[in-house]
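Raw contents of model.cif, mmCIF, C-alpha atoms:
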```
data_my_file
loop_
_atom_site.label_atom_id
_atom_site.label_comp_id
_atom_site.auth_asym_id
_atom_site.auth_seq_id
_atom_site.Cartn_x
_atom_site.Cartn_y
_atom_site.Cartn_z
CA MET A 1 -78.48 -43.66 -54.23
CA SER A 2 -76.55 -45.54 -51.55
CA ALA A 3 -79.44 -48.01 -51.09
CA VAL A 4 -79.13 -48.94 -54.76
CA GLN A 5 -75.38 -49.41 -54.39
CA VAL A 6 -75.85 -51.45 -51.23
CA GLN A 7 -78.23 -53.73 -53.10
CA HIS A 8 -75.78 -54.01 -55.97
CA PHE A 9 -72.95 -55.24 -53.73
CA LEU A 10 -75.29 -57.35 -51.64
CA GLY A 11 -76.54 -59.04 -54.80
CA ARG A 12 -72.96 -59.80 -55.81
CA ALA A 13 -72.10 -61.12 -52.34
CA ARG A 14 -75.05 -63.49 -52.26
CA ASP A 15 -74.43 -64.59 -55.83
CA PHE A 16 -70.77 -65.43 -55.05
CA LEU A 17 -71.82 -67.31 -51.92
CA GLU A 18 -74.43 -69.29 -53.85
CA GLY A 19 -71.71 -70.16 -56.37
CA MET A 20 -69.39 -71.24 -53.57
CA LYS A 21 -72.13 -73.41 -52.11
CA PHE A 22 -72.87 -74.99 -55.47
CA LEU A 23 -69.23 -75.88 -56.11
CA MET A 24 -68.74 -77.11 -52.55
CA GLU A 25 -70.83 -80.15 -53.48
CA ASP A 26 -67.76 -81.32 -55.36
CA LEU A 27 -64.98 -79.76 -53.32
CA GLU A 28 -62.36 -82.15 -54.65
CA GLN A 29 -62.95 -80.94 -58.21
CA PHE A 30 -63.57 -77.24 -57.57
CA GLN A 31 -61.63 -76.44 -54.43
CA TYR A 32 -59.92 -73.23 -55.62
CA SER A 33 -63.05 -71.91 -57.34
CA SER A 34 -65.25 -72.42 -54.29
CA ALA A 35 -62.66 -70.88 -51.94
CA LEU A 36 -62.14 -67.87 -54.21
CA LEU A 37 -65.88 -67.30 -54.59
CA GLY A 38 -66.18 -67.41 -50.80
CA ILE A 39 -63.47 -64.76 -50.43
CA HIS A 40 -65.03 -62.58 -53.14
CA GLY A 41 -68.42 -62.97 -51.51
CA ALA A 42 -66.96 -61.72 -48.23
CA ILE A 43 -65.34 -58.74 -50.01
CA SER A 44 -68.67 -57.82 -51.61
CA TYR A 45 -70.45 -58.04 -48.24
CA CYS A 46 -67.77 -55.71 -46.87
CA ASP A 47 -68.37 -53.27 -49.74
CA ALA A 48 -72.13 -53.34 -49.13
CA LEU A 49 -71.62 -52.59 -45.44
CA ARG A 50 -69.12 -49.80 -46.11
CA ILE A 51 -71.35 -48.08 -48.66
CA GLY A 52 -74.29 -48.43 -46.31
CA LEU A 53 -72.23 -46.88 -43.52
CA GLY A 54 -71.41 -43.80 -45.58
CA CYS A 55 -68.31 -44.68 -47.62
CA LYS A 56 -68.45 -42.71 -50.87
CA LYS A 57 -65.80 -44.43 -52.94
CA LEU A 58 -64.50 -47.96 -52.85
CA ALA A 59 -60.92 -48.65 -53.90
CA SER A 60 -60.87 -51.71 -56.13
CA ASP A 61 -57.94 -53.74 -54.89
CA ASP A 62 -56.80 -52.66 -51.45
CA HIS A 63 -58.87 -55.11 -49.45
CA MET A 64 -56.78 -54.79 -46.28
CA ARG A 65 -57.53 -51.06 -46.19
CA ALA A 66 -61.18 -51.89 -46.76
CA THR A 67 -61.36 -54.05 -43.64
CA LYS A 68 -59.75 -51.27 -41.58
CA ASP A 69 -62.26 -48.80 -42.98
CA LEU A 70 -65.15 -51.12 -42.15
CA LYS A 71 -63.94 -51.55 -38.58
CA SER A 72 -63.60 -47.82 -38.07
CA ARG A 73 -67.09 -47.18 -39.46
CA LEU A 74 -68.57 -49.83 -37.15
CA THR A 75 -66.69 -48.44 -34.16
CA SER A 76 -67.89 -44.91 -34.88
CA ARG A 77 -71.45 -46.32 -34.73
CA ARG A 78 -70.54 -47.87 -31.34
CA PHE A 79 -71.17 -51.30 -32.85
CA VAL A 80 -69.24 -53.74 -30.69
CA LYS A 81 -69.77 -57.07 -32.46
CA THR A 82 -66.81 -56.62 -34.80
CA GLN A 83 -65.57 -60.23 -34.80
CA GLY A 84 -66.63 -60.51 -38.44
CA VAL A 85 -64.02 -57.94 -39.47
CA ASP A 86 -61.22 -60.07 -38.00
CA ARG A 87 -62.60 -63.04 -39.93
CA LEU A 88 -62.66 -60.94 -43.10
CA ASP A 89 -59.02 -59.96 -42.51
CA ARG A 90 -58.04 -63.62 -42.41
CA LEU A 91 -60.06 -64.41 -45.54
CA VAL A 92 -58.62 -61.52 -47.55
CA SER A 93 -55.08 -62.51 -46.55
CA LYS A 94 -55.65 -65.86 -48.33
CA LYS A 95 -56.87 -64.38 -51.62
CA SER A 96 -53.54 -64.18 -53.48
CA ARG A 97 -52.42 -67.56 -52.25
CA ILE A 98 -55.61 -69.21 -53.51
CA ALA A 99 -55.61 -67.35 -56.82
CA TYR A 100 -51.92 -67.36 -57.74
CA ALA A 101 -49.65 -69.47 -55.51
CA VAL A 102 -47.69 -72.22 -57.24
CA GLU A 103 -47.87 -74.63 -54.32
CA ALA A 104 -51.09 -76.58 -53.79
CA SER A 105 -53.41 -75.74 -50.92
CA ARG A 106 -54.33 -78.39 -48.40
CA GLU A 107 -57.89 -79.68 -48.40
CA ASP A 108 -58.41 -78.63 -44.79
CA GLU A 109 -57.27 -75.10 -45.67
CA ILE A 110 -59.88 -74.90 -48.43
CA LYS A 111 -62.58 -76.26 -46.14
CA GLN A 112 -61.64 -73.69 -43.53
CA ILE A 113 -61.89 -70.82 -46.03
CA VAL A 114 -65.34 -71.97 -47.12
CA GLN A 115 -66.49 -72.28 -43.51
CA GLN A 116 -65.04 -68.85 -42.62
CA ALA A 117 -66.77 -67.30 -45.64
CA GLU A 118 -70.11 -68.74 -44.51
CA ARG A 119 -69.59 -67.46 -40.99
CA PHE A 120 -68.60 -64.06 -42.27
CA ALA A 121 -71.73 -63.96 -44.44
CA ALA A 122 -73.90 -64.84 -41.43
CA TRP A 123 -72.28 -62.01 -39.46
CA ALA A 124 -72.63 -59.53 -42.34
CA GLU A 125 -76.31 -60.36 -42.92
CA ALA A 126 -77.12 -59.93 -39.23
CA THR A 127 -75.02 -56.75 -38.99
CA GLY A 128 -76.64 -55.09 -42.00
CA LYS A 129 -80.06 -55.78 -40.55
CA GLU A 130 -79.16 -54.68 -37.01
CA LEU A 131 -77.68 -51.41 -38.24
CA GLU A 132 -80.78 -50.87 -40.38
CA ILE A 133 -78.68 -50.15 -43.44
CA GLU A 134 -80.82 -48.73 -46.19
CA GLY A 135 -81.20 -51.23 -49.04
CA TRP A 136 -80.33 -54.27 -46.90
CA MET B 1 -86.27 -103.26 -45.24
CA ILE B 2 -86.20 -102.08 -41.65
CA GLN B 3 -89.57 -100.81 -40.45
CA PHE B 4 -89.58 -97.62 -38.43
CA ASP B 5 -92.42 -96.40 -36.29
CA VAL B 6 -94.46 -93.31 -37.15
CA GLN B 7 -92.45 -91.07 -34.87
CA GLN B 8 -89.16 -92.23 -36.39
CA ASP B 9 -90.50 -91.77 -39.93
CA LEU B 10 -91.51 -88.26 -39.05
CA GLY B 11 -88.10 -87.53 -37.54
CA ARG B 12 -86.25 -88.83 -40.60
CA ALA B 13 -88.48 -86.76 -42.85
CA LYS B 14 -87.79 -83.61 -40.80
CA ASN B 15 -84.05 -84.20 -41.11
CA ALA B 16 -84.33 -84.76 -44.87
CA LEU B 17 -86.39 -81.58 -45.26
CA GLN B 18 -83.89 -79.66 -43.15
CA ASP B 19 -81.07 -80.83 -45.46
CA TYR B 20 -83.14 -79.82 -48.48
CA LEU B 21 -83.65 -76.29 -47.11
CA ILE B 22 -79.98 -75.95 -46.14
CA ARG B 23 -79.02 -76.77 -49.74
CA LYS B 24 -81.67 -74.52 -51.22
CA LEU B 25 -81.17 -71.44 -49.03
CA LEU B 26 -78.18 -69.27 -48.17
CA ILE B 27 -76.91 -69.78 -44.59
CA PRO B 28 -80.43 -70.22 -43.13
CA LYS B 29 -81.42 -70.79 -39.54
CA VAL B 30 -83.52 -73.96 -39.39
CA TYR B 31 -85.94 -74.90 -36.60
CA LEU B 32 -87.71 -78.22 -36.09
CA ASP B 33 -91.18 -78.38 -34.50
CA ALA B 34 -91.48 -74.63 -34.36
CA ASN B 35 -94.36 -72.79 -32.78
CA TRP B 36 -94.96 -70.09 -35.37
CA ASN B 37 -97.46 -67.57 -34.08
CA GLY B 38 -99.27 -70.36 -32.23
CA ILE B 39 -99.25 -72.74 -35.21
CA PRO B 40 -97.07 -75.87 -35.04
CA VAL B 41 -94.72 -76.15 -38.03
CA HIS B 42 -92.63 -79.27 -38.63
CA VAL B 43 -89.70 -77.49 -40.28
CA LEU B 44 -89.18 -73.74 -40.38
CA ALA B 45 -86.24 -72.02 -42.06
CA ILE B 46 -85.38 -68.35 -42.10
CA ASP B 47 -83.03 -67.48 -44.93
CA ARG B 48 -79.82 -65.41 -44.73
CA ALA B 49 -78.84 -66.00 -41.13
CA GLY B 50 -82.36 -65.36 -39.88
CA VAL B 51 -82.93 -61.99 -41.57
CA GLY B 52 -84.39 -63.20 -44.89
CA ASP B 53 -87.51 -64.93 -46.16
CA VAL B 54 -89.44 -67.37 -43.98
CA HIS B 55 -89.98 -70.92 -45.33
CA ALA B 56 -92.47 -73.19 -43.54
CA VAL B 57 -93.02 -76.90 -44.13
CA LEU B 58 -95.98 -78.96 -42.93
CA ILE B 59 -95.66 -82.74 -43.19
CA ASN B 60 -98.47 -84.99 -44.32
CA ASP B 61 -97.68 -88.62 -43.46
CA ARG B 62 -98.85 -91.26 -45.93
CA SER B 63 -96.69 -94.06 -44.54
CA GLN B 64 -99.61 -95.59 -42.67
CA ASP B 65 -101.91 -95.63 -45.69
CA ASP B 66 -102.42 -99.35 -46.36
CA ARG B 67 -104.04 -98.66 -49.73
CA LEU B 68 -100.58 -97.84 -51.02
CA GLU B 69 -99.20 -101.32 -50.36
CA ASP B 70 -100.01 -102.48 -53.89
CA ALA B 71 -100.09 -99.14 -55.68
CA ASN B 72 -97.21 -97.97 -57.84
CA LYS B 73 -98.62 -94.52 -58.40
CA ILE B 74 -99.73 -91.85 -55.92
CA ILE B 75 -102.15 -89.10 -56.78
CA ILE B 76 -101.51 -86.32 -54.30
CA GLY B 77 -104.39 -84.14 -53.28
CA THR B 78 -107.27 -86.58 -53.36
CA SER B 79 -107.70 -86.95 -49.61
CA GLY B 80 -109.59 -84.39 -47.57
CA MET B 81 -106.61 -84.14 -45.22
CA GLU B 82 -104.21 -83.10 -47.98
CA LEU B 83 -106.61 -80.62 -49.50
CA GLY B 84 -107.46 -79.32 -46.02
CA SER B 85 -103.75 -78.75 -45.24
CA VAL B 86 -103.31 -76.77 -48.43
CA GLU B 87 -106.47 -74.75 -47.79
CA GLU B 88 -105.36 -73.83 -44.24
CA PHE B 89 -101.87 -73.02 -45.39
CA ARG B 90 -103.06 -70.34 -47.81
CA LEU B 91 -103.40 -67.82 -44.99
CA PHE B 92 -100.23 -68.83 -43.19
CA PRO B 93 -97.82 -65.96 -42.40
CA SER B 94 -94.64 -66.90 -44.29
CA HIS B 95 -93.04 -66.05 -47.62
CA TYR B 96 -92.72 -69.66 -48.80
CA ARG B 97 -94.98 -72.55 -47.84
CA TYR B 98 -94.56 -76.24 -48.53
CA ILE B 99 -96.59 -79.36 -47.92
CA ALA B 100 -94.33 -82.40 -47.67
CA ILE B 101 -95.85 -85.79 -48.35
CA ILE B 102 -93.90 -88.61 -46.76
CA ASN B 103 -94.12 -92.20 -47.78
CA ASP B 104 -92.09 -95.33 -47.06
CA LYS B 105 -93.60 -97.71 -49.63
CA PRO B 106 -90.78 -98.75 -51.98
CA ASN B 107 -93.11 -99.69 -54.84
CA ILE B 108 -94.27 -96.15 -55.69
CA LYS B 109 -92.80 -95.13 -59.04
CA GLU B 110 -95.02 -92.26 -60.13
CA TYR B 111 -96.52 -89.21 -58.43
CA GLU B 112 -99.25 -87.02 -59.79
CA LEU B 113 -100.90 -83.90 -58.40
CA SER B 114 -104.68 -83.68 -58.46
CA LEU B 115 -106.37 -80.76 -60.16
CA GLY B 116 -107.83 -79.81 -56.77
CA ILE B 117 -104.44 -79.41 -55.13
CA LEU B 118 -103.07 -77.48 -58.10
CA GLN B 119 -105.97 -75.01 -57.85
CA LYS B 120 -105.88 -74.66 -54.07
CA SER B 121 -102.11 -74.22 -53.88
CA LEU B 122 -102.24 -70.83 -55.60
CA ALA B 123 -102.95 -67.59 -53.70
CA ASP B 124 -106.26 -65.89 -54.58
CA ASP B 125 -104.43 -62.98 -56.19
CA GLY B 126 -101.84 -65.26 -57.78
CA VAL B 127 -98.95 -63.93 -55.70
CA GLY B 128 -97.65 -67.08 -54.09
CA ARG B 129 -98.01 -70.80 -54.56
CA ILE B 130 -97.62 -73.56 -52.02
CA GLY B 131 -94.85 -75.97 -52.96
CA ILE B 132 -95.40 -79.71 -52.79
CA LEU B 133 -92.47 -81.88 -51.74
CA TYR B 134 -92.29 -85.64 -51.70
CA VAL B 135 -90.09 -87.33 -49.11
CA ASP B 136 -89.23 -90.89 -50.05
CA LEU B 137 -88.36 -92.81 -46.91
CA SER B 138 -88.07 -96.15 -48.64
CA LYS B 139 -84.47 -95.45 -49.63
CA GLU B 140 -81.43 -95.90 -47.39
CA VAL B 141 -80.95 -92.12 -47.43
CA PRO B 142 -84.32 -90.29 -47.53
CA ALA B 143 -84.75 -88.30 -50.74
CA VAL B 144 -86.71 -85.07 -51.21
CA GLN B 145 -88.27 -84.40 -54.58
CA VAL B 146 -90.00 -81.18 -55.64
CA LEU B 147 -93.39 -82.02 -57.18
CA LEU B 148 -94.65 -78.47 -57.32
CA LYS B 149 -92.22 -75.56 -57.20
CA PRO B 150 -93.18 -72.96 -54.59
CA GLU B 151 -93.67 -69.32 -55.49
CA ARG B 152 -93.15 -66.46 -53.05
CA PHE B 153 -96.16 -65.09 -51.18
CA ARG B 154 -96.47 -61.40 -50.37
CA SER B 155 -94.34 -60.13 -47.52
CA SER B 156 -95.89 -58.21 -44.65
CA LYS B 157 -94.99 -56.32 -41.51
CA GLU B 158 -96.50 -59.21 -39.55
CA ILE B 159 -94.16 -61.81 -41.11
CA ILE B 160 -91.08 -59.67 -40.56
CA GLU B 161 -91.94 -58.88 -36.94
CA LEU B 162 -92.74 -62.54 -36.27
CA ALA B 163 -89.39 -63.58 -37.75
CA ASP B 164 -87.41 -61.03 -35.72
CA ARG B 165 -89.11 -62.10 -32.50
CA PHE B 166 -88.78 -65.79 -33.33
CA VAL B 167 -85.05 -65.56 -34.05
CA ALA B 168 -84.46 -63.63 -30.84
CA GLU B 169 -86.36 -66.13 -28.68
CA ASN B 170 -85.50 -69.54 -30.18
CA THR B 171 -82.37 -71.64 -30.69
CA PRO B 172 -82.09 -73.07 -34.20
CA ASN B 173 -81.55 -76.75 -34.80
CA TRP B 174 -79.11 -75.81 -37.58
CA GLU B 175 -77.28 -72.55 -38.35
CA VAL B 176 -73.95 -71.16 -39.47
CA ARG B 177 -72.68 -69.45 -36.34
CA GLU B 178 -71.22 -65.97 -36.80
#
```

How does this structure look as structure tokens?
Amino acid sequence: MSAVQVQHFLGRARDFLEGMKFLMEDLEQFQYSSALLGIHGAISYCDALRIGLGCKKLASDDHMRATKDLKSRLTSRRFVKTQGVDRLDRLVSKKSRIAYAVEASREDEIKQIVQQAERFAAWAEATGKELEIEGW
Amino acid sequence: MIQFDVQQDLGRAKNALQDYLIRKLLIPKVYLDANWNGIPVHVLAIDRAGVGDVHAVLINDRSQDDRLEDANKIIIGTSGMELGSVEEFRLFPSHYRYIAIINDKPNIKEYELSLGILQKSLADDGVGRIGILYVDLSKEVPAVQVLLKPERFRSSKEIIELADRFVAENTPNWEVRE
């Protein structure tokens, strides 16, 4: 069952990232959409990893708790390359600002979010494979 | 128009194909002039940070073909070399395979695929088709056009083991670093 769930979240993550990439072609026009898709892609990768590492139930909105949970699951597997979790923390902390804040975001901030989302995705893909998560 | 030598044409085409694969794939690792299981490959990309499908591109250079000076239409897959490349590529260990035709003659307006190349591009069992790309070097910025959309070949333990070993032993020319 967990392999199916892993594939479900993995599919979402890759889909969001593809969307981010598509909109990045016109970053001036779609800056908030591409940044938000990048953040959501990272959250879905996190969900796929957590499910694959034995988490039974994902809370829908507490993303900060999710990153802590991911780190603890990786640590309990003695997996030391946890730099991706710190990156995820930074991405998640930007979610509300990108989605709701009244003040405009700077272009370099948006570019940084997109770049961080890509780097997080690269880490998550490699991590899922290295940990031989079922369904990855 | 500035004339480039064969080596420079080939280099520009590799860069253009690399850009094409970066756009098409999700955070791939891309290698130029890769030695893939003893076979030289001009551009090799492994999707999803090096853990996904393997895409291999072989370049067929038509820039030196003087017969194209006055032609405004190319029929791809009439030369023995092109058909031979496709034939050899059918047994190549990768999920996606592409033959890229490069050309720097600005007068070419139309491209057509021969029946021979259309038949030979398909796997015997129908699972997989070699893609044909056209790299136009006559423009200021080289453009890649898909003439025949590739279809995925069967995966195998051999391809996956080759990819794992290759990623561990080689430095990509382009990647998103973790």

*Do me a favour and pick out the residues of chain B within 6 Å of chain A, using all atoms listed in the file, as a PyMOL selection string.*
chain B and resi 49+176-178

*Select, counting all atoms listed in the file, all protein, DNA and RNA residues no farther than 9 Å from (-60.1, -74.6, -54.1) in file coordinates, and express the selection as an MDAnalysis selection string.*
chainID A and resid 27:36 98:99 105:107 109:111

*Spatial neighbours of Ile59 in chain B, max dist 12 Å, all atoms listed in the file, sep filter under 5 positions, as a PyMOL selection string*: chain B and resi 9-17+32-33+40-44+81-82+85-86+89+97-103+131-135

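Contact shell of Ala123 in chain B at 7 Å (only C-alpha atoms; same-chain neighbours under 5 positions omitted): Arg90, Gly128 and Arg129 of chain B.
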
_Expand the PyMOL selection byres ((chain B and resi 112-117) around 9) into the explicit residue set it covers here, and present it as a PyMOL selection string._
chain B and resi 73-78+82-83+86-87+110-111+118-122+132+147-148

_Between A:Ile113, A:Ile133, A:Ala42, A:Val92, which residue has the minimum interatomic distance to Arg65 in chain A, considering all atoms listed in the file?_
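The shortest atom-to-atom distance to Arg65 in chain A comes from A:Val92.
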
*When you draw a straight line from CA of Val6 in chain B to CA of Arg62 in chain B, how long is it in Å?*
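Distance reported for this atom pair: 10.0 Å.
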
_So the first atom is CA of Ile159 in chain B and the second is CA of Val6 in chain A; what is the distance between them in Å, to one decimal place?_
23.3 Å

*Carefully work through the PyMOL selection byres ((chain B and resi 156) around 12) for this structure and note down the residues it includes, as a list of chain:residue names.*
B:Asp53, B:Val54, B:Phe92, B:Pro93, B:Ser94, B:His95, B:Phe153, B:Arg154, B:Ser155, B:Lys157, B:Glu158, B:Ile159, B:Ile160, B:Glu161, B:Leu162, B:Ala163

*Exercise: Ala45 in chain B partners within 8 Å, all atoms listed in the file, chain neighbours under 6 positions left out, as an MDAnalysis selection string*: chainID B and resid 21 28:31 54:56

_When you count all atoms listed in the file, which of these residues is closest to Trp174 in chain B: B:Gln7, B:Gln145, B:Ser138, B:Gln18?_
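Looking only at the distances to Trp174 in chain B, the closest residue turns out to be B:Gln18.
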
*Between B:Glu151, B:Asn72, B:Ala143, B:Asp19, which one has atoms that come closest to Lys109 in chain B, using only C-alpha atoms?*
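Of the candidates, the smallest distance to Lys109 in chain B is held by B:Asn72.
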
*asked:* Just the number, please: distance in Å from CA of Ser76 in chain A to CA of Leu53 in chain A, one decimal.
replied: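 Separating CA of Ser76 in chain A from CA of Leu53 in chain A is a distance of 9.9 Å.
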
Centre and size of axis-aligned box enclosing range 65-81 of chain A plus 4 Å each side, as AutoDock Vina command-line options:
```
--center_x -64.5 --center_y -51.0 --center_z -38.7 --size_x 21.9 --size_y 20.2 --size_z 24.1
```

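Between Ala34 in chain B and the candidates B:Ile22, B:Ile46, B:Glu175, B:Gly84, the tightest atom-to-atom separation, counting all atoms listed in the file, involves B:Ile46.
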
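Distances here use all atoms listed in the file; by that measure, the residue among A:Asp89, A:Phe79, A:Lys68, A:Ser44 closest to Phe9 in chain A is A:Ser44.
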
Contacts of Leu74 in chain A at 9 Å or less, counting all atoms listed in the file, minus same-chain residues fewer than 6 places along, as a short mmCIF file (atom, residue, chain, number, x, y, z; two decimals) with C-alpha atoms, in the frame of the given file?
```cif
data_model
loop_
_atom_site.label_atom_id
_atom_site.label_comp_id
_atom_site.auth_asym_id
_atom_site.auth_seq_id
_atom_site.Cartn_x
_atom_site.Cartn_y
_atom_site.Cartn_z
CA ARG A 50 -69.12 -49.80 -46.11
CA LEU A 53 -72.23 -46.88 -43.52
CA VAL A 80 -69.24 -53.74 -30.69
CA LYS A 81 -69.77 -57.07 -32.46
CA THR A 82 -66.81 -56.62 -34.80
#
```

*To verify the selection step, state as a VMD selection string which residues the PyMOL selection byres ((chain B and resi 48) around 6) yields on this input.*
chain B and resid 26 to 28 47 49 to 52
